[in-house]
Amino acid sequence: MKRHELTIAIIIFLFLPLIGAGCARSSNQHRSDVAIELTAPLFPPTVGRFMVSFRITDADGNPLDGAAVTAKGDMSHAGMAPVLATAAAAGDGVYVIPAFEWTMAGDWNLNVEAELADGTTATTQFDIPVDHAAICSESD
């Protein structure tokens, strides 16, 4: 390899990561001063579809509207498919999933992520025990 070709190769090798970094999309910044509070369901939920709602506030307790809120429910043990849902804004910092489906009794991890109006994100995990659905039977 000629000397000028080697010099060009070294320059490209050294500066290519810097060029790529300028084109890359910046990642969301995580906010630790945001509170995500679980306001429903009543505990403990049972297997089936239930409303799940959250209230999102800033460090001063002011409601944060305009967020995109998603939830991912995972059983604490391996082997179950996660339950994914998107919450709708209800105003005053409240976000509602009308029919989150708890597919099995046991211990669940509900991970909530809110992408806030300013582009930052906040996340919280809730540990939720889910009971078996009540079975009603009629006695003769």
# chains A, B, ... in the order shown; residues from 1 in each chain; ligands from 1
>>> residues_around(residues="range 56-70 of chain A", least_positions_apart="5", cutoff="7 Å", atoms="only C-alpha atoms", output="VMD selection string")
chain A and resid 33 to 37 85 to 87 91 to 94 112 to 117
>>> atom_distance(atom1="CA of His132 in chain A", atom2="CA of Leu84 in chain A")
20.5 Å
>>> closest_residue(among="A:Pro129, A:Val83, A:Leu38, A:Gly119", to="Phe100 in chain A", atoms="only C-alpha atoms")
A:Val83
>>> residues_around(residues="Asp107 in chain A", least_positions_apart="6", cutoff="12 Å", atoms="only C-alpha atoms", output="list in words")
Pro44, Pro45, Thr46, Val47, Gly73, Asp74, Met75, Ser76, His77, Ala78, Met80, Phe126, Asp127, Ile128, Pro129, Val130, Asp131 and His132 of chain A
>>> atom_distance(atom1="CA of Phe43 in chain A", atom2="CA of Gly79 in chain A")
24.6 Å
>>> closest_residue(among="A:Met104, A:Ala90, A:Lys72, A:Ala40", to="Ser53 in chain A", atoms="only C-alpha atoms")
A:Ala40
>>> residues_around(residues="Ala88 in chain A", least_positions_apart="6", cutoff="7 Å", atoms="only C-alpha atoms", output="list in words")
Tyr95, Val96 and Ile97 of chain A
>>> decode(residues="range 26-77 of chain A", atoms="C-alpha atoms", output="PDB file, in the first residue's frame")
ATOM      1  CA  SER A  26     -29.943  11.390  20.162  1.00  0.00           C
ATOM      2  CA  SER A  27     -31.459   9.038  22.713  1.00  0.00           C
ATOM      3  CA  ASN A  28     -34.100  10.071  25.205  1.00  0.00           C
ATOM      4  CA  GLN A  29     -32.891  11.288  28.554  1.00  0.00           C
ATOM      5  CA  HIS A  30     -34.300   9.470  31.568  1.00  0.00           C
ATOM      6  CA  ARG A  31     -36.045  11.544  34.238  1.00  0.00           C
ATOM      7  CA  SER A  32     -35.784  10.458  37.860  1.00  0.00           C
ATOM      8  CA  ASP A  33     -37.804  13.425  39.163  1.00  0.00           C
ATOM      9  CA  VAL A  34     -41.058  12.091  37.707  1.00  0.00           C
ATOM     10  CA  ALA A  35     -43.440   9.907  39.713  1.00  0.00           C
ATOM     11  CA  ILE A  36     -45.621   7.254  38.091  1.00  0.00           C
ATOM     12  CA  GLU A  37     -48.280   6.105  40.543  1.00  0.00           C
ATOM     13  CA  LEU A  38     -50.481   3.057  39.985  1.00  0.00           C
ATOM     14  CA  THR A  39     -54.071   4.173  40.743  1.00  0.00           C
ATOM     15  CA  ALA A  40     -55.988   1.056  39.573  1.00  0.00           C
ATOM     16  CA  PRO A  41     -56.601  -1.918  39.720  1.00  0.00           C
ATOM     17  CA  LEU A  42     -57.928  -2.651  43.154  1.00  0.00           C
ATOM     18  CA  PHE A  43     -55.652  -5.210  44.746  1.00  0.00           C
ATOM     19  CA  PRO A  44     -55.183  -7.952  44.171  1.00  0.00           C
ATOM     20  CA  PRO A  45     -56.446  -8.184  40.592  1.00  0.00           C
ATOM     21  CA  THR A  46     -57.626 -11.564  39.363  1.00  0.00           C
ATOM     22  CA  VAL A  47     -57.006 -13.341  36.073  1.00  0.00           C
ATOM     23  CA  GLY A  48     -58.852 -11.541  33.282  1.00  0.00           C
ATOM     24  CA  ARG A  49     -59.231  -8.067  31.804  1.00  0.00           C
ATOM     25  CA  PHE A  50     -59.158  -5.103  34.142  1.00  0.00           C
ATOM     26  CA  MET A  51     -58.677  -1.378  33.885  1.00  0.00           C
ATOM     27  CA  VAL A  52     -55.184  -0.219  34.838  1.00  0.00           C
ATOM     28  CA  SER A  53     -54.479   3.457  35.383  1.00  0.00           C
ATOM     29  CA  PHE A  54     -51.526   5.628  36.320  1.00  0.00           C
ATOM     30  CA  ARG A  55     -51.018   9.209  37.469  1.00  0.00           C
ATOM     31  CA  ILE A  56     -47.836  10.914  36.373  1.00  0.00           C
ATOM     32  CA  THR A  57     -46.525  13.940  38.268  1.00  0.00           C
ATOM     33  CA  ASP A  58     -43.377  16.038  38.424  1.00  0.00           C
ATOM     34  CA  ALA A  59     -41.224  16.527  41.514  1.00  0.00           C
ATOM     35  CA  ASP A  60     -43.636  19.178  42.842  1.00  0.00           C
ATOM     36  CA  GLY A  61     -46.679  16.925  42.431  1.00  0.00           C
ATOM     37  CA  ASN A  62     -47.973  18.730  39.340  1.00  0.00           C
ATOM     38  CA  PRO A  63     -49.713  16.455  36.803  1.00  0.00           C
ATOM     39  CA  LEU A  64     -47.841  15.793  33.561  1.00  0.00           C
ATOM     40  CA  ASP A  65     -50.068  15.624  30.504  1.00  0.00           C
ATOM     41  CA  GLY A  66     -49.063  14.916  26.914  1.00  0.00           C
ATOM     42  CA  ALA A  67     -47.071  11.743  27.621  1.00  0.00           C
ATOM     43  CA  ALA A  68     -47.061   8.554  25.555  1.00  0.00           C
ATOM     44  CA  VAL A  69     -47.458   5.769  28.117  1.00  0.00           C
ATOM     45  CA  THR A  70     -46.883   2.073  27.507  1.00  0.00           C
ATOM     46  CA  ALA A  71     -46.994  -0.892  29.852  1.00  0.00           C
ATOM     47  CA  LYS A  72     -45.411  -4.319  29.631  1.00  0.00           C
ATOM     48  CA  GLY A  73     -46.542  -7.038  31.984  1.00  0.00           C
ATOM     49  CA  ASP A  74     -44.232 -10.001  32.523  1.00  0.00           C
ATOM     50  CA  MET A  75     -44.662 -12.962  34.811  1.00  0.00           C
ATOM     51  CA  SER A  76     -41.828 -13.202  37.320  1.00  0.00           C
ATOM     52  CA  HIS A  77     -40.967 -16.643  35.929  1.00  0.00           C
TER      53      HIS A  77
END
